[in-house]
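Colleague: To be precise about what I am sending: the file is called target39.cif and holds mmCIF, C-alpha atoms.
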data_structure
loop_
_atom_site.group_PDB
_atom_site.id
_atom_site.type_symbol
_atom_site.label_atom_id
_atom_site.label_comp_id
_atom_site.auth_asym_id
_atom_site.auth_seq_id
_atom_site.Cartn_x
_atom_site.Cartn_y
_atom_site.Cartn_z
ATOM 1 C CA MET A 129 10.752 13.168 -7.358
ATOM 2 C CA LYS A 130 11.422 16.826 -6.574
ATOM 3 C CA PRO A 131 10.215 18.356 -3.286
ATOM 4 C CA GLY A 132 6.784 19.916 -3.673
ATOM 5 C CA LYS A 133 5.879 17.576 -6.560
ATOM 6 C CA THR A 134 2.285 16.295 -6.442
ATOM 7 C CA ILE A 135 0.708 12.992 -7.427
ATOM 8 C CA THR A 136 -3.055 12.995 -7.990
ATOM 9 C CA GLN A 137 -4.946 9.724 -8.362
ATOM 10 C CA ARG A 138 -8.626 8.951 -8.845
ATOM 11 C CA TYR A 139 -10.345 6.621 -6.405
ATOM 12 C CA LEU A 140 -10.902 3.050 -7.489
ATOM 13 C CA LYS A 141 -14.634 2.413 -7.866
ATOM 14 C CA TYR A 142 -16.423 -0.894 -8.122
ATOM 15 C CA SER A 143 -19.845 -2.351 -7.377
ATOM 16 C CA TYR A 144 -20.438 -4.863 -4.634
ATOM 17 C CA GLU A 145 -23.876 -6.241 -3.807
ATOM 18 C CA GLY A 146 -25.533 -3.303 -5.560
ATOM 19 C CA GLU A 147 -23.455 -0.636 -3.797
ATOM 20 C CA THR A 148 -20.693 1.484 -5.281
ATOM 21 C CA ILE A 149 -17.475 1.204 -3.290
ATOM 22 C CA ARG A 150 -14.900 4.005 -3.612
ATOM 23 C CA LEU A 151 -11.383 3.518 -2.289
ATOM 24 C CA PRO A 152 -8.298 5.782 -2.315
ATOM 25 C CA MET A 153 -5.914 3.488 -4.187
ATOM 26 C CA VAL A 154 -2.639 4.097 -5.996
ATOM 27 C CA PRO A 155 -0.814 1.929 -8.527
ATOM 28 C CA VAL A 156 2.331 0.353 -7.075
ATOM 29 C CA ARG A 157 5.104 -2.015 -8.018
ATOM 30 C CA LEU A 158 6.423 -4.301 -5.286
ATOM 31 C CA ARG A 159 10.065 -5.383 -5.508
ATOM 32 C CA ALA A 160 11.817 -7.987 -3.415
ATOM 33 C CA GLY A 161 14.778 -10.142 -4.327
ATOM 34 C CA ASP A 162 14.799 -10.483 -8.111
ATOM 35 C CA GLY A 163 11.014 -10.323 -8.423
ATOM 36 C CA SER A 164 8.550 -7.527 -9.043
ATOM 37 C CA VAL A 165 4.788 -7.309 -9.423
ATOM 38 C CA LYS A 166 2.436 -4.412 -10.275
ATOM 39 C CA THR A 167 -0.805 -4.029 -8.352
ATOM 40 C CA VAL A 168 -2.828 -1.371 -6.530
ATOM 41 C CA ALA A 169 -2.552 -0.319 -2.901
ATOM 42 C CA LEU A 170 -5.074 1.196 -0.531
ATOM 43 C CA VAL A 171 -3.800 4.371 1.119
ATOM 44 C CA ASP A 172 -5.207 3.775 4.603
ATOM 45 C CA SER A 173 -5.030 6.654 7.078
ATOM 46 C CA GLY A 174 -6.389 4.361 9.795
ATOM 47 C CA ALA A 175 -3.661 1.748 9.454
ATOM 48 C CA THR A 176 -0.526 2.143 11.553
ATOM 49 C CA ALA A 177 1.284 -0.593 9.608
ATOM 50 C CA SER A 178 1.535 -1.631 5.966
ATOM 51 C CA PHE A 179 0.429 -5.032 4.690
ATOM 52 C CA VAL A 180 1.053 -7.171 1.637
ATOM 53 C CA PRO A 181 -1.109 -10.233 0.889
ATOM 54 C CA PRO A 182 0.810 -13.526 1.212
ATOM 55 C CA GLU A 183 -0.174 -14.432 -2.349
ATOM 56 C CA LEU A 184 1.879 -11.488 -3.693
ATOM 57 C CA VAL A 185 4.881 -12.391 -1.532
ATOM 58 C CA GLU A 186 4.660 -15.921 -2.933
ATOM 59 C CA ILE A 187 4.646 -14.538 -6.494
ATOM 60 C CA LEU A 188 7.757 -12.512 -5.635
ATOM 61 C CA GLY A 189 9.411 -15.666 -4.322
ATOM 62 C CA VAL A 190 10.762 -13.985 -1.210
ATOM 63 C CA PRO A 191 11.334 -15.865 2.029
ATOM 64 C CA VAL A 192 9.285 -14.503 4.919
ATOM 65 C CA GLY A 193 11.024 -13.009 7.930
ATOM 66 C CA GLU A 194 10.407 -13.193 11.634
ATOM 67 C CA THR A 195 6.951 -13.804 13.057
ATOM 68 C CA SER A 196 5.064 -10.813 14.403
ATOM 69 C CA SER A 197 1.450 -9.824 14.936
ATOM 70 C CA ALA A 198 -0.885 -7.044 13.935
ATOM 71 C CA SER A 199 -4.287 -5.778 15.000
ATOM 72 C CA GLY A 200 -7.140 -4.876 12.715
ATOM 73 C CA ALA A 201 -10.880 -4.485 12.709
ATOM 74 C CA GLY A 202 -11.155 -8.271 12.981
ATOM 75 C CA GLY A 203 -8.823 -8.472 15.984
ATOM 76 C CA ASP A 204 -5.227 -9.639 16.362
ATOM 77 C CA PHE A 205 -3.661 -11.890 13.729
ATOM 78 C CA PRO A 206 -0.195 -13.396 13.148
ATOM 79 C CA THR A 207 2.077 -11.999 10.430
ATOM 80 C CA HIS A 208 5.557 -12.386 9.015
ATOM 81 C CA LEU A 209 7.796 -9.382 8.407
ATOM 82 C CA VAL A 210 9.298 -8.953 4.938
ATOM 83 C CA GLU A 211 11.685 -6.278 3.620
ATOM 84 C CA MET A 212 10.588 -4.922 0.257
ATOM 85 C CA THR A 213 10.607 -1.901 -1.995
ATOM 86 C CA ILE A 214 7.276 -0.258 -2.774
ATOM 87 C CA GLU A 215 7.269 2.006 -5.813
ATOM 88 C CA VAL A 216 4.295 4.343 -6.174
ATOM 89 C CA LEU A 217 3.645 4.730 -9.901
ATOM 90 C CA LYS A 218 2.407 7.760 -11.823
ATOM 91 C CA ASP A 219 1.922 7.517 -15.592
ATOM 92 C CA HIS A 220 3.968 4.284 -15.720
ATOM 93 C CA SER A 221 7.018 5.807 -14.020
ATOM 94 C CA VAL A 222 8.219 5.656 -10.422
ATOM 95 C CA ALA A 223 6.991 8.678 -8.464
ATOM 96 C CA CYS A 224 8.177 7.474 -5.064
ATOM 97 C CA LYS A 225 10.329 4.606 -3.854
ATOM 98 C CA ILE A 226 9.876 3.336 -0.295
ATOM 99 C CA GLU A 227 12.052 0.612 1.209
ATOM 100 C CA GLU A 228 10.316 -0.766 4.284
ATOM 101 C CA GLU A 229 9.506 -3.819 6.319
ATOM 102 C CA VAL A 230 5.874 -4.817 5.787
ATOM 103 C CA HIS A 231 3.530 -7.239 7.507
ATOM 104 C CA VAL A 232 2.435 -10.317 5.591
ATOM 105 C CA PRO A 233 -0.555 -12.057 7.202
ATOM 106 C CA ILE A 234 0.068 -15.757 7.713
ATOM 107 C CA GLU A 235 -3.578 -16.501 6.912
ATOM 108 C CA ALA A 236 -4.428 -16.108 3.204
ATOM 109 C CA GLY A 237 -7.347 -13.755 2.529
ATOM 110 C CA ARG A 238 -6.759 -11.621 5.643
ATOM 111 C CA VAL A 239 -5.950 -8.554 3.488
ATOM 112 C CA PRO A 240 -7.296 -8.501 -0.095
ATOM 113 C CA TYR A 241 -4.771 -5.960 -1.437
ATOM 114 C CA VAL A 242 -1.676 -4.034 -0.439
ATOM 115 C CA VAL A 243 -2.375 -1.588 2.393
ATOM 116 C CA LEU A 244 -0.107 1.443 2.811
ATOM 117 C CA GLY A 245 -0.323 2.647 6.396
ATOM 118 C CA ARG A 246 1.240 5.394 8.412
ATOM 119 C CA ASP A 247 4.584 3.576 8.659
ATOM 120 C CA THR A 248 5.262 3.919 4.922
ATOM 121 C CA ILE A 249 3.640 6.390 2.531
ATOM 122 C CA PHE A 250 2.534 8.831 5.253
ATOM 123 C CA LEU A 251 6.185 9.341 6.235
ATOM 124 C CA HIS A 252 7.036 10.449 2.678
ATOM 125 C CA TYR A 253 3.990 12.480 1.620
ATOM 126 C CA ASP A 254 1.447 14.949 2.886
ATOM 127 C CA ILE A 255 -1.794 13.256 1.861
ATOM 128 C CA THR A 256 -5.153 14.858 1.115
ATOM 129 C CA PHE A 257 -8.303 12.824 0.572
ATOM 130 C CA ARG A 258 -10.903 14.679 -1.538
ATOM 131 C CA GLU A 259 -13.945 12.500 -1.018
ATOM 132 C CA ARG A 260 -16.453 14.467 -3.104
ATOM 133 C CA ARG A 261 -14.058 14.591 -6.049
ATOM 134 C CA GLU A 262 -12.987 10.979 -5.445
ATOM 135 C CA MET A 263 -9.331 11.954 -5.530
ATOM 136 C CA ILE A 264 -6.257 11.438 -3.416
ATOM 137 C CA ILE A 265 -3.431 13.956 -3.553
ATOM 138 C CA LEU A 266 0.076 13.017 -2.448
ATOM 139 C CA ARG A 267 2.389 15.997 -2.076
ATOM 140 C CA LYS A 268 6.075 15.651 -1.327
ATOM 141 C CA PRO A 269 6.702 17.997 1.617
ATOM 142 C CA LYS A 270 9.100 20.877 1.203
ATOM 143 C CA ARG A 271 12.009 20.401 3.568
#
Will you turn the file into structure tokens for me?
Modeller:
Amino acid sequence: MKPGKTITQRYLKYSYEGETIRLPMVPVRLRAGDGSVKTVALVDSGATASFVPPELVEILGVPVGETSSASGAGGDFPTHLVEMTIEVLKDHSVACKIEEEVHVPIEAGRVPYVVLGRDTIFLHYDITFRERREMIILRKPKR
């Protein structure tokens, strides 16, 4: 992706218990070892780390790394660290490729989807959340 290039995505919307939930999510492909899986990821400005659900790591067939821990709204919880490639997709092509170590909660169900925190996508893009328009804009910074 060329410097200055922009990715614009619509928020994911769904209903839950009669309320409409809107989340800034982007399509991603996770790669580790010989496996890959497409899913969506929450772009979370409040997260200092990135997380991948253990179910997706199991699908990828990757061994988990060293034990670590993370803190969230529900308190501290144990994780494993796993090296993987996260590809942000735009119109079915790779817009950004990030190779990082991510946290994988040991307890299933701790994170319901991939979470991209400040240690991954925020290091590669200037990000604008446009709440009223339900859009997220990722702009590759000019260097």
Colleague: Enter the distance from CA of Lys141 in chain A to CA of Val171 in chain A, in Å, rounded to one decimal.
Modeller: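 Result for CA of Lys141 in chain A versus CA of Val171 in chain A: 14.2 Å, one decimal.
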Colleague: Mind telling me what the PyMOL selection byres ((chain A and resi 205-220) around 8) catches here, as a ChimeraX atom specification?
Modeller: /A:135,154-160,191-200,203-204,221-235
Colleague: Next, write the just-selected residues to a file, as a short mmCIF file (atom, residue, chain, number, x, y, z; two decimals), keeping the file's coordinate frame, keeping C-alpha atoms as the atom set.
Modeller:
data_model
loop_
_atom_site.label_atom_id
_atom_site.label_comp_id
_atom_site.auth_asym_id
_atom_site.auth_seq_id
_atom_site.Cartn_x
_atom_site.Cartn_y
_atom_site.Cartn_z
CA ILE A 135 0.71 12.99 -7.43
CA VAL A 154 -2.64 4.10 -6.00
CA PRO A 155 -0.81 1.93 -8.53
CA VAL A 156 2.33 0.35 -7.08
CA ARG A 157 5.10 -2.02 -8.02
CA LEU A 158 6.42 -4.30 -5.29
CA ARG A 159 10.06 -5.38 -5.51
CA ALA A 160 11.82 -7.99 -3.42
CA PRO A 191 11.33 -15.86 2.03
CA VAL A 192 9.28 -14.50 4.92
CA GLY A 193 11.02 -13.01 7.93
CA GLU A 194 10.41 -13.19 11.63
CA THR A 195 6.95 -13.80 13.06
CA SER A 196 5.06 -10.81 14.40
CA SER A 197 1.45 -9.82 14.94
CA ALA A 198 -0.88 -7.04 13.94
CA SER A 199 -4.29 -5.78 15.00
CA GLY A 200 -7.14 -4.88 12.72
CA GLY A 203 -8.82 -8.47 15.98
CA ASP A 204 -5.23 -9.64 16.36
CA SER A 221 7.02 5.81 -14.02
CA VAL A 222 8.22 5.66 -10.42
CA ALA A 223 6.99 8.68 -8.46
CA CYS A 224 8.18 7.47 -5.06
CA LYS A 225 10.33 4.61 -3.85
CA ILE A 226 9.88 3.34 -0.30
CA GLU A 227 12.05 0.61 1.21
CA GLU A 228 10.32 -0.77 4.28
CA GLU A 229 9.51 -3.82 6.32
CA VAL A 230 5.87 -4.82 5.79
CA HIS A 231 3.53 -7.24 7.51
CA VAL A 232 2.44 -10.32 5.59
CA PRO A 233 -0.56 -12.06 7.20
CA ILE A 234 0.07 -15.76 7.71
CA GLU A 235 -3.58 -16.50 6.91
#
Colleague: Looking at A:Leu151, A:Leu251, A:Ala201, A:Val185, which one is nearest to Asp172 in chain A, with distances taken over all atoms listed in the file?
Modeller: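 The shortest atom-to-atom distance to Asp172 in chain A comes from A:Leu151.
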Colleague: Run through the PyMOL selection byres ((chain A and resi 162) around 9) on the given coordinates and return the selected residues as a PDB file with C-alpha atoms, in the coordinates of the input.
Modeller:
ATOM      1  CA  ARG A 159      10.065  -5.383  -5.508  1.00  0.00           C
ATOM      2  CA  ALA A 160      11.817  -7.987  -3.415  1.00  0.00           C
ATOM      3  CA  GLY A 161      14.778 -10.142  -4.327  1.00  0.00           C
ATOM      4  CA  GLY A 163      11.014 -10.323  -8.423  1.00  0.00           C
ATOM      5  CA  SER A 164       8.550  -7.527  -9.043  1.00  0.00           C
ATOM      6  CA  LEU A 188       7.757 -12.512  -5.635  1.00  0.00           C
ATOM      7  CA  GLY A 189       9.411 -15.666  -4.322  1.00  0.00           C
ATOM      8  CA  VAL A 190      10.762 -13.985  -1.210  1.00  0.00           C
TER       9      VAL A 190
END
Colleague: Using only C-alpha atoms, find the one residue out of A:Met153, A:Ser143, A:Thr248, A:Pro240 that sits nearest to Ala175 in chain A.
Modeller: A:Thr248
Colleague: Can you spell out as a ChimeraX atom specification the set of residues that the PyMOL selection byres ((chain A and resi 181) around 6) selects in the structure I just provided?
Modeller: /A:180,182-184,232,239
Colleague: Selection from above, C-alpha atoms, as a tab-separated table (two decimals), in the frame of the given file, can you write it?
Modeller:
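Output file again_37.tsv is given in full below:
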chain	number	residue	atom	x	y	z
A	180	VAL	CA	1.05	-7.17	1.64
A	182	PRO	CA	0.81	-13.53	1.21
A	183	GLU	CA	-0.17	-14.43	-2.35
A	184	LEU	CA	1.88	-11.49	-3.69
A	232	VAL	CA	2.44	-10.32	5.59
A	239	VAL	CA	-5.95	-8.55	3.49
Colleague: For a test of reading the model, state the distance in Å between CA of Thr148 in chain A and CA of Val243 in chain A, rounded to one decimal.
Modeller: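 CA of Thr148 in chain A sits 20.1 Å away from CA of Val243 in chain A.
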Colleague: To one decimal place in Å, what is the distance between CA of Val168 in chain A and CA of Tyr142 in chain A?
Modeller: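 Interatomic distance, CA of Val168 in chain A to CA of Tyr142 in chain A: 13.7 Å.
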Colleague: Tell me which protein, DNA and RNA residues are within 10 Å of Glu262 in chain A, counting only C-alpha atoms, leaving out same-chain ones fewer than 6 positions away, and put them as a JSON list (two decimals) with C-alpha atoms, in the coordinates of the input.
Modeller:
[["chain", "number", "residue", "atom", "x", "y", "z"],
["A", 137, "GLN", "CA", -4.95, 9.72, -8.36],
["A", 138, "ARG", "CA", -8.63, 8.95, -8.85],
["A", 139, "TYR", "CA", -10.34, 6.62, -6.40],
["A", 140, "LEU", "CA", -10.90, 3.05, -7.49],
["A", 141, "LYS", "CA", -14.63, 2.41, -7.87],
["A", 150, "ARG", "CA", -14.90, 4.00, -3.61],
["A", 151, "LEU", "CA", -11.38, 3.52, -2.29],
["A", 152, "PRO", "CA", -8.30, 5.78, -2.32]]
Colleague: Using only C-alpha atoms, pick whichever of A:Ile187, A:Ala236, A:Leu244, A:Leu266 has the shortest atom-to-atom distance to Gly174 in chain A.
Modeller: A:Leu244
Colleague: With all atoms of range 224-242 of chain A from the file as input, state the centre and edge lengths in Å to one decimal of the axis-aligned box that has 6 Å extra on each side, as lines of an AutoDock Vina configuration file.
Modeller:
center_x = 2.4
center_y = -4.5
center_z = 1.3
size_x = 31.4
size_y = 36.0
size_z = 24.8
Colleague: Find the residue from A:Ser178, A:Glu186, A:Val242, A:Lys268 that sits nearest to Thr256 in chain A; use only C-alpha atoms when measuring.
Modeller: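 Nearest to Thr256 in chain A: A:Lys268.
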Colleague: Using only C-alpha atoms, pick whichever of A:Lys166, A:Phe179, A:Gly237, A:Ser173 has the shortest atom-to-atom distance to Phe257 in chain A.
Modeller: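 For Phe257 in chain A, the nearest of the candidates is A:Ser173.
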